[in-house]
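Data file: entry-v9.txt. Format and content: compact mmCIF, C-alpha atoms.
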# COMPACT_ATOMS: atom_id res chain seq x y z
CA MET A 1 66.13 95.40 89.25
CA SER A 2 68.10 92.85 87.28
CA ALA A 3 71.10 91.02 88.71
CA THR A 4 73.30 92.78 86.13
CA ASP A 5 72.11 96.22 87.19
CA TYR A 6 72.48 95.39 90.88
CA ASP A 7 76.05 94.25 90.30
CA PHE A 8 76.80 97.48 88.45
CA PHE A 9 75.41 99.67 91.23
CA LYS A 10 77.41 97.71 93.83
CA LYS A 11 80.64 98.31 91.93
CA PHE A 12 79.79 101.95 91.21
CA LEU A 13 79.07 102.74 94.87
CA LYS A 14 82.21 100.99 96.11
CA LEU A 15 84.39 102.85 93.61
CA HIS A 16 82.92 106.30 94.17
CA SER A 17 81.87 106.26 97.83
CA GLY A 18 83.50 103.19 99.39
CA LEU A 19 80.07 101.82 100.32
CA ILE A 20 79.93 98.02 100.39
CA LEU A 21 76.57 96.45 99.55
CA SER A 22 76.04 92.77 100.30
CA ASP A 23 74.03 90.58 97.97
CA ASP A 24 70.89 90.89 100.12
CA LYS A 25 70.43 94.67 99.83
CA HIS A 26 68.24 94.73 96.72
CA TYR A 27 65.28 96.22 98.58
CA LEU A 28 67.40 98.94 100.20
CA LEU A 29 68.97 99.88 96.88
CA GLU A 30 65.67 99.95 95.04
CA SER A 31 63.90 101.97 97.75
CA ARG A 32 66.64 104.60 97.74
CA LEU A 33 66.87 104.84 93.94
CA VAL A 34 63.17 104.78 92.93
CA PRO A 35 62.74 108.50 93.81
CA LEU A 36 65.67 109.30 91.52
CA LEU A 37 63.99 107.56 88.60
CA ARG A 38 61.09 109.96 89.01
CA LYS A 39 63.31 112.99 89.62
CA PHE A 40 65.41 112.47 86.49
CA GLU A 41 62.56 111.03 84.42
CA LEU A 42 64.24 107.71 83.82
CA PRO A 43 62.07 104.71 82.94
CA ASP A 44 63.94 102.00 84.87
CA PHE A 45 67.11 101.01 86.72
CA SER A 46 68.80 99.88 83.52
CA ARG A 47 68.53 103.39 82.09
CA LEU A 48 69.86 104.83 85.35
CA ALA A 49 72.84 102.45 85.21
CA ALA A 50 73.48 103.44 81.57
CA ASN A 51 73.42 107.10 82.59
CA LEU A 52 76.10 106.45 85.21
CA ARG A 53 78.24 104.48 82.77
CA ASP A 54 78.20 107.43 80.36
CA ASN A 55 79.08 110.04 83.01
CA ALA A 56 80.21 108.89 86.43
CA ASN A 57 80.66 112.50 87.58
CA SER A 58 77.24 113.82 86.60
CA VAL A 59 74.53 115.35 88.75
CA VAL A 60 72.72 112.03 88.51
CA ALA A 61 75.78 110.18 89.81
CA GLN A 62 76.09 112.54 92.78
CA ALA A 63 72.40 112.06 93.54
CA VAL A 64 72.84 108.27 93.56
CA ILE A 65 75.77 108.51 95.96
CA GLU A 66 73.92 110.89 98.27
CA ALA A 67 70.80 108.70 98.23
CA MET A 68 72.79 105.66 99.31
CA THR A 69 75.02 107.17 101.98
CA THR A 70 73.31 107.06 105.36
CA ASN A 71 73.14 110.42 107.13
CA GLU A 72 71.69 109.40 110.46
CA SER A 73 72.74 111.89 113.14
CA LEU A 74 71.57 113.32 116.43
CA PHE A 75 72.84 115.69 119.08
CA PHE A 76 75.29 114.32 121.67
CA ARG A 77 75.14 110.90 120.04
CA ASP A 78 76.43 108.14 122.37
CA LYS A 79 77.41 110.73 125.05
CA THR A 80 80.73 109.02 125.92
CA PRO A 81 82.74 110.83 123.21
CA PHE A 82 81.67 114.17 124.64
CA GLU A 83 82.57 113.10 128.16
CA VAL A 84 86.06 111.98 127.10
CA PHE A 85 86.35 115.17 125.06
CA THR A 86 86.04 117.21 128.26
CA THR A 87 87.78 114.94 130.77
CA VAL A 88 90.74 113.68 128.74
CA MET A 89 91.32 115.29 125.35
CA LEU A 90 90.77 118.98 126.04
CA PRO A 91 92.77 119.16 129.30
CA LYS A 92 95.79 117.37 127.81
CA LEU A 93 95.80 119.30 124.56
CA HIS A 94 95.26 122.65 126.23
CA ALA A 95 98.18 122.02 128.58
CA ALA A 96 100.45 120.96 125.72
CA ARG A 97 99.73 123.84 123.34
CA PRO A 98 101.05 127.44 123.39
CA PRO A 99 98.25 129.88 124.34
CA SER A 100 98.24 131.38 120.84
CA ALA A 101 97.85 128.04 119.04
CA PRO A 102 94.31 127.20 117.88
CA LEU A 103 92.74 123.86 118.66
CA ARG A 104 91.76 122.20 115.38
CA ILE A 105 88.98 119.62 115.23
CA TRP A 106 87.94 117.67 112.14
CA CYS A 107 84.46 116.14 111.99
CA ALA A 108 85.08 113.85 109.02
CA ALA A 109 81.48 112.65 108.67
CA ALA A 110 79.66 115.78 109.79
CA SER A 111 76.34 114.91 108.15
CA THR A 112 73.70 117.52 109.06
CA GLY A 113 75.90 119.12 111.72
CA GLN A 114 74.70 117.71 115.03
CA GLU A 115 78.15 116.40 115.98
CA PRO A 116 80.17 119.62 115.47
CA TYR A 117 77.44 121.73 117.07
CA SER A 118 77.32 119.35 120.05
CA LEU A 119 81.08 119.79 120.43
CA ALA A 120 80.73 123.56 120.15
CA MET A 121 78.06 123.56 122.87
CA THR A 122 80.32 121.41 125.04
CA LEU A 123 83.08 123.99 124.65
CA LYS A 124 80.72 126.82 125.57
CA GLU A 125 79.60 124.92 128.66
CA ASN A 126 83.21 124.32 129.76
CA PRO A 127 85.13 127.56 129.07
CA HIS A 128 87.65 126.78 131.82
CA LEU A 129 89.04 123.92 129.73
CA ILE A 130 90.47 126.10 126.97
CA GLY A 131 90.36 129.67 128.26
CA THR A 132 90.58 132.16 125.39
CA ARG A 133 92.07 129.64 122.96
CA ARG A 134 90.60 129.76 119.46
CA VAL A 135 88.92 126.56 118.24
CA GLU A 136 88.58 125.74 114.55
CA PHE A 137 86.22 123.10 113.17
CA LEU A 138 86.47 121.51 109.75
CA CYS A 139 83.17 119.78 109.01
CA THR A 140 83.22 117.53 105.95
CA ASP A 141 80.87 115.10 104.29
CA LEU A 142 80.35 113.39 100.95
CA SER A 143 76.93 114.97 100.46
CA ASN A 144 76.37 118.56 99.36
CA GLU A 145 72.78 118.40 100.57
CA VAL A 146 73.57 117.53 104.18
CA LEU A 147 76.45 120.03 104.31
CA GLU A 148 74.11 122.82 103.23
CA ARG A 149 71.75 121.83 106.04
CA ALA A 150 74.62 121.70 108.52
CA ALA A 151 75.87 125.13 107.53
CA SER A 152 72.37 126.57 107.90
CA GLY A 153 72.14 125.26 111.47
CA ARG A 154 68.38 124.84 111.14
CA TYR A 155 66.57 121.83 112.62
CA ASN A 156 62.97 120.73 112.98
CA GLN A 157 61.25 119.85 116.25
CA PHE A 158 61.93 116.13 115.89
CA GLU A 159 65.65 116.71 115.32
CA VAL A 160 66.16 118.97 118.35
CA GLN A 161 64.33 116.48 120.55
CA ARG A 162 66.88 113.77 119.72
CA GLY A 163 69.63 113.96 122.33
CA LEU A 164 69.54 117.71 122.91
CA PRO A 165 68.87 118.75 126.54
CA ILE A 166 66.06 121.29 126.81
CA GLN A 167 68.29 123.81 128.61
CA MET A 168 70.74 123.76 125.69
CA LEU A 169 67.93 124.13 123.20
CA MET A 170 66.74 127.28 124.94
CA LYS A 171 70.28 128.61 125.39
CA TYR A 172 71.77 127.98 121.96
CA PHE A 173 68.81 127.99 119.55
CA LYS A 174 66.14 130.43 118.52
CA LYS A 175 62.76 129.60 117.02
CA VAL A 176 62.35 130.69 113.40
CA ASP A 177 58.87 129.85 112.10
CA ASP A 178 58.56 126.07 112.61
CA MET A 179 62.33 125.48 112.79
CA TRP A 180 65.02 125.90 115.43
CA GLU A 181 68.15 127.78 114.35
CA ILE A 182 71.54 127.52 116.04
CA THR A 183 72.87 130.82 117.39
CA PRO A 184 75.67 132.56 115.43
CA GLN A 185 78.16 132.14 118.30
CA LEU A 186 78.21 128.37 117.77
CA LYS A 187 79.08 128.79 114.10
CA THR A 188 82.22 130.75 114.92
CA GLY A 189 85.30 128.98 113.59
CA MET A 190 83.32 126.40 111.61
CA THR A 191 84.12 125.56 107.99
CA PHE A 192 81.89 123.23 105.98
CA ARG A 193 83.48 121.49 103.01
CA LYS A 194 82.60 118.61 100.73
CA LEU A 195 85.13 115.78 101.01
CA ASN A 196 85.15 112.18 99.90
CA LEU A 197 87.24 110.11 102.34
CA LEU A 198 88.39 107.99 99.41
CA HIS A 199 90.18 110.99 97.90
CA PRO A 200 93.45 112.66 99.00
CA PHE A 201 93.25 115.01 101.97
CA VAL A 202 94.76 117.99 100.18
CA GLY A 203 95.27 121.24 102.06
CA LEU A 204 93.55 120.19 105.28
CA GLY A 205 96.45 120.96 107.62
CA GLN A 206 96.97 119.18 110.93
CA PHE A 207 94.30 118.37 113.50
CA ASP A 208 94.38 117.87 117.25
CA ILE A 209 91.23 115.75 117.27
CA VAL A 210 89.55 113.83 114.44
CA PHE A 211 86.00 112.56 114.84
CA CYS A 212 85.32 109.90 112.21
CA ARG A 213 82.41 108.09 113.78
CA ASN A 214 80.13 105.50 112.24
CA VAL A 215 81.45 105.76 108.70
CA LEU A 216 84.25 103.17 108.46
CA ILE A 217 81.69 100.42 109.04
CA TYR A 218 80.53 100.88 105.44
CA PHE A 219 83.97 100.16 103.93
CA ASP A 220 85.97 96.98 103.36
CA ALA A 221 89.19 96.34 105.31
CA PRO A 222 91.68 97.64 102.69
CA THR A 223 89.68 100.86 102.32
CA LYS A 224 89.49 101.31 106.10
CA THR A 225 93.24 100.81 106.40
CA ASP A 226 93.95 103.35 103.65
CA ILE A 227 91.67 105.95 105.21
CA LEU A 228 93.16 105.45 108.69
CA ASN A 229 96.70 105.76 107.34
CA ARG A 230 95.84 109.03 105.64
CA ILE A 231 93.96 110.41 108.66
CA ALA A 232 97.02 109.63 110.79
CA LYS A 233 99.15 111.82 108.54
CA VAL A 234 96.98 114.85 109.38
CA THR A 235 96.65 114.06 113.10
CA ALA A 236 99.01 115.75 115.54
CA PRO A 237 101.46 113.28 117.15
CA ASP A 238 99.73 113.84 120.51
CA GLY A 239 96.28 114.12 118.96
CA TYR A 240 93.25 111.83 119.08
CA LEU A 241 91.04 109.85 116.73
CA VAL A 242 87.45 109.10 117.76
CA LEU A 243 85.58 106.27 116.04
CA GLY A 244 82.09 104.88 116.57
CA GLY A 245 81.42 102.40 119.34
CA ALA A 246 81.19 99.51 116.85
CA GLU A 247 84.40 100.47 115.03
CA THR A 248 88.02 99.63 115.75
CA VAL A 249 91.51 100.06 114.29
CA MET A 250 92.49 96.53 115.27
CA GLY A 251 93.71 94.55 112.27
CA LEU A 252 93.78 97.68 110.13
CA GLY A 253 97.44 98.62 110.07
CA GLU A 254 99.64 100.33 112.63
CA ALA A 255 98.65 103.98 112.25
CA TYR A 256 96.83 104.16 115.61
CA ARG A 257 96.73 102.36 118.93
CA PRO A 258 93.84 102.30 121.41
CA LEU A 259 93.68 104.85 124.20
CA PRO A 260 93.84 102.71 127.38
CA ASN A 261 90.48 102.05 129.01
CA GLN A 262 88.62 104.16 126.45
CA ARG A 263 86.72 102.20 123.81
CA GLY A 264 86.52 103.99 120.48
CA PHE A 265 89.39 106.39 121.20
CA TYR A 266 92.80 106.14 119.58
CA VAL A 267 96.15 107.92 119.47
CA PRO A 268 98.73 107.94 116.67
CA ASN A 269 101.48 105.36 116.76
CA VAL A 270 104.36 107.81 116.81
CA PRO A 271 107.79 106.22 116.07
CA ALA A 272 110.30 106.43 118.90
CA PRO A 273 113.01 109.09 118.46
CA ALA A 274 116.14 107.87 116.67
CA SER A 275 118.26 108.26 119.79
CA MET A 276 115.84 106.09 121.81
CA SER A 277 115.73 103.43 119.09
CA ALA A 278 119.54 103.32 119.01
CA ALA A 279 119.71 102.95 122.76
CA VAL A 280 117.24 100.07 122.71
CA ALA A 281 119.14 98.37 119.90
CA SER A 282 122.42 98.58 121.82
CA ARG A 283 121.04 96.71 124.83

Please go through the file and, once you have read it, give me the structure as structure tokens.
Amino acid sequence: MSATDYDFFKKFLKLHSGLILSDDKHYLLESRLVPLLRKFELPDFSRLAANLRDNANSVVAQAVIEAMTTNESLFFRDKTPFEVFTTVMLPKLHAARPPSAPLRIWCAAASTGQEPYSLAMTLKENPHLIGTRRVEFLCTDLSNEVLERAASGRYNQFEVQRGLPIQMLMKYFKKVDDMWEITPQLKTGMTFRKLNLLHPFVGLGQFDIVFCRNVLIYFDAPTKTDILNRIAKVTAPDGYLVLGGAETVMGLGEAYRPLPNQRGFYVPNVPAPASMSAAVASR
């Protein structure tokens, strides 16, 4: 791959997916794109780049973006988010909401579905935390391919062995040929939708909890700040944002502040009521 082509792919991926490639990722880029040369019968990377220049919204362009966006996922990844989900977030939100109000959760980088299904299993295992309250999941991702897999709820033996306790496998999955399929009850209330975090969040509504884990690390600081500001606008004032363990909102605007003593968990920075601000100013 020539330096000119590499520079083009870097700019294309940043513009259309937010992905930042450093100058030492030639091997990664080539290894991910070589299969696409064969798939679309293109002779070299220069022809692939020319194809993208001619039509940045083509099937080829989408395939390039999907090939380069990492979709690593596993059940109950990192464990701590699911513990805080049950010990902090659910109890507080359930107590603050009218019984008829649904709890809305957005998994903003849902990948192949392990995160939302892990949350759904957690809810099933802890019915006392929400009673009969309806729970709605919006599961979004940049990739059509991984969303289709997530919606199917079908996983191979290797995937169900990664983080999923055996008792939950037997309780919430059934064997279909050589795959394991999630039971219909865990799909209740789940919506899967393609969404690019770089684009406006139109028609999403408001969420009580937003999981946006292990995706901001691929963006530069201005992009992270923009995404966080827009996520904050769709987060309930007493809601929560969950990031990956290596991610933070520090230095990225004022939309969120850390949840005390809970790394990776954040709450919206809600402005003080006008009456309170006036009282403080008068002191």

Which residue, A:Asp208, A:Ser46, A:Val88, A:Arg154, has the smallest gap to Asp177 in chain A when you use all atoms listed in the file?
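Result for the nearest residue to Asp177 in chain A: A:Arg154.
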
Provide the CA of Ile20 in chain A to CA of Tyr218 in chain A distance in Å, to one decimal place.
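Between CA of Ile20 in chain A and CA of Tyr218 in chain A the gap is 5.8 Å.
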
Nearest-residue call for Arg193 in chain A, choices A:Leu138, A:Ala255, A:Leu228, A:Ala3, using all atoms listed in the file
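Of the candidates, the smallest distance to Arg193 in chain A is held by A:Leu138.
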
So how many Å separate CA of Val270 in chain A and CA of Leu204 in chain A, to one decimal?
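That distance, rounded to one decimal, is 20.1 Å.
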
Interatomic distance (Å, one decimal) between CA of Arg32 in chain A and CA of Val59 in chain A
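Distance reported for this atom pair: 16.1 Å.
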
Nearby residues (all atoms listed in the file) at most 7 Å from range 116-122 of chain A, same-chain spacing under 6 positions excluded, as JSON, numbers by chain
{"A": [75, 76, 107, 110, 186]}

Counting all atoms listed in the file, write as a PyMOL selection string all protein and nucleic acid residues lying at most 7 Å from (93.6, 124.8, 127.1) in the file's frame.
chain A and resi 90-91+93-95+129-131+133

May I have the protein, DNA and RNA residues with any atom at most 12 Å from the point (84.8, 91.8, 94.3), counting all atoms listed in the file, written as a VMD selection string?
chain A and resid 7 to 8 10 to 12 14 to 15 20 to 23 220

Can those selected residues be exported to a file as a short mmCIF file (atom, residue, chain, number, x, y, z; two decimals), in the frame of the given file so that it contains C-alpha atoms?
data_model
loop_
_atom_site.label_atom_id
_atom_site.label_comp_id
_atom_site.auth_asym_id
_atom_site.auth_seq_id
_atom_site.Cartn_x
_atom_site.Cartn_y
_atom_site.Cartn_z
CA ASP A 7 76.05 94.25 90.30
CA PHE A 8 76.80 97.48 88.45
CA LYS A 10 77.41 97.71 93.83
CA LYS A 11 80.64 98.31 91.93
CA PHE A 12 79.79 101.95 91.21
CA LYS A 14 82.21 100.99 96.11
CA LEU A 15 84.39 102.85 93.61
CA ILE A 20 79.93 98.02 100.39
CA LEU A 21 76.57 96.45 99.55
CA SER A 22 76.04 92.77 100.30
CA ASP A 23 74.03 90.58 97.97
CA ASP A 220 85.97 96.98 103.36
#

Rebuild range 10-45 of chain A so that it carries N, CA and C atoms, then output the result as a CSV table (one decimal), in the coordinates of the input.
chain,number,residue,atom,x,y,z
A,10,LYS,N,76.5,98.1,92.8
A,10,LYS,CA,77.4,97.7,93.8
A,10,LYS,C,78.8,98.2,93.5
A,11,LYS,N,79.3,97.9,92.3
A,11,LYS,CA,80.6,98.3,91.9
A,11,LYS,C,80.8,99.8,91.8
A,12,PHE,N,79.8,100.5,91.3
A,12,PHE,CA,79.8,102.0,91.2
A,12,PHE,C,79.9,102.6,92.6
A,13,LEU,N,79.1,102.2,93.5
A,13,LEU,CA,79.1,102.7,94.9
A,13,LEU,C,80.4,102.5,95.6
A,14,LYS,N,80.9,101.3,95.4
A,14,LYS,CA,82.2,101.0,96.1
A,14,LYS,C,83.3,101.9,95.6
A,15,LEU,N,83.3,102.1,94.2
A,15,LEU,CA,84.4,102.8,93.6
A,15,LEU,C,84.3,104.3,94.0
A,16,HIS,N,83.1,104.9,94.0
A,16,HIS,CA,82.9,106.3,94.2
A,16,HIS,C,82.6,106.8,95.6
A,17,SER,N,82.2,105.8,96.5
A,17,SER,CA,81.9,106.3,97.8
A,17,SER,C,82.5,105.3,98.9
A,18,GLY,N,83.0,104.2,98.4
A,18,GLY,CA,83.5,103.2,99.4
A,18,GLY,C,82.4,102.3,100.0
A,19,LEU,N,81.2,102.6,99.7
A,19,LEU,CA,80.1,101.8,100.3
A,19,LEU,C,80.1,100.4,99.8
A,20,ILE,N,80.0,99.4,100.7
A,20,ILE,CA,79.9,98.0,100.4
A,20,ILE,C,78.5,97.5,100.6
A,21,LEU,N,77.9,97.0,99.5
A,21,LEU,CA,76.6,96.4,99.6
A,21,LEU,C,76.7,94.9,99.4
A,22,SER,N,76.1,94.2,100.4
A,22,SER,CA,76.0,92.8,100.3
A,22,SER,C,75.0,92.3,99.3
A,23,ASP,N,74.9,91.1,99.0
A,23,ASP,CA,74.0,90.6,98.0
A,23,ASP,C,72.6,90.6,98.4
A,24,ASP,N,72.3,90.9,99.6
A,24,ASP,CA,70.9,90.9,100.1
A,24,ASP,C,70.3,92.3,100.3
A,25,LYS,N,70.9,93.3,99.6
A,25,LYS,CA,70.4,94.7,99.8
A,25,LYS,C,69.6,95.2,98.6
A,26,HIS,N,69.0,94.3,97.9
A,26,HIS,CA,68.2,94.7,96.7
A,26,HIS,C,67.1,95.7,97.1
A,27,TYR,N,66.4,95.4,98.2
A,27,TYR,CA,65.3,96.2,98.6
A,27,TYR,C,65.8,97.6,99.0
A,28,LEU,N,66.9,97.6,99.8
A,28,LEU,CA,67.4,98.9,100.2
A,28,LEU,C,67.8,99.8,99.0
A,29,LEU,N,68.5,99.2,98.1
A,29,LEU,CA,69.0,99.9,96.9
A,29,LEU,C,67.8,100.4,96.1
A,30,GLU,N,66.8,99.5,95.8
A,30,GLU,CA,65.7,100.0,95.0
A,30,GLU,C,64.9,101.1,95.7
A,31,SER,N,64.7,101.0,97.0
A,31,SER,CA,63.9,102.0,97.8
A,31,SER,C,64.6,103.3,97.7
A,32,ARG,N,65.9,103.3,97.8
A,32,ARG,CA,66.6,104.6,97.7
A,32,ARG,C,66.7,105.2,96.3
A,33,LEU,N,66.7,104.3,95.3
A,33,LEU,CA,66.9,104.8,93.9
A,33,LEU,C,65.6,105.1,93.2
A,34,VAL,N,64.5,104.5,93.6
A,34,VAL,CA,63.2,104.8,92.9
A,34,VAL,C,62.9,106.3,92.8
A,35,PRO,N,63.0,107.1,93.9
A,35,PRO,CA,62.7,108.5,93.8
A,35,PRO,C,63.6,109.2,92.8
A,36,LEU,N,64.8,108.7,92.5
A,36,LEU,CA,65.7,109.3,91.5
A,36,LEU,C,65.2,109.0,90.1
A,37,LEU,N,64.6,107.9,89.9
A,37,LEU,CA,64.0,107.6,88.6
A,37,LEU,C,62.9,108.6,88.3
A,38,ARG,N,62.1,108.9,89.3
A,38,ARG,CA,61.1,110.0,89.0
A,38,ARG,C,61.7,111.3,88.8
A,39,LYS,N,62.7,111.7,89.7
A,39,LYS,CA,63.3,113.0,89.6
A,39,LYS,C,64.0,113.3,88.3
A,40,PHE,N,64.7,112.3,87.7
A,40,PHE,CA,65.4,112.5,86.5
A,40,PHE,C,64.7,111.9,85.3
A,41,GLU,N,63.4,111.5,85.5
A,41,GLU,CA,62.6,111.0,84.4
A,41,GLU,C,63.2,109.9,83.7
A,42,LEU,N,63.7,108.9,84.4
A,42,LEU,CA,64.2,107.7,83.8
A,42,LEU,C,63.3,106.6,83.9
A,43,PRO,N,63.1,105.7,82.9
A,43,PRO,CA,62.1,104.7,82.9
A,43,PRO,C,62.4,103.5,83.9
A,44,ASP,N,63.6,103.2,84.1
A,44,ASP,CA,63.9,102.0,84.9
A,44,ASP,C,65.4,102.1,85.4
A,45,PHE,N,65.8,101.0,86.2
A,45,PHE,CA,67.1,101.0,86.7
A,45,PHE,C,68.2,100.8,85.7
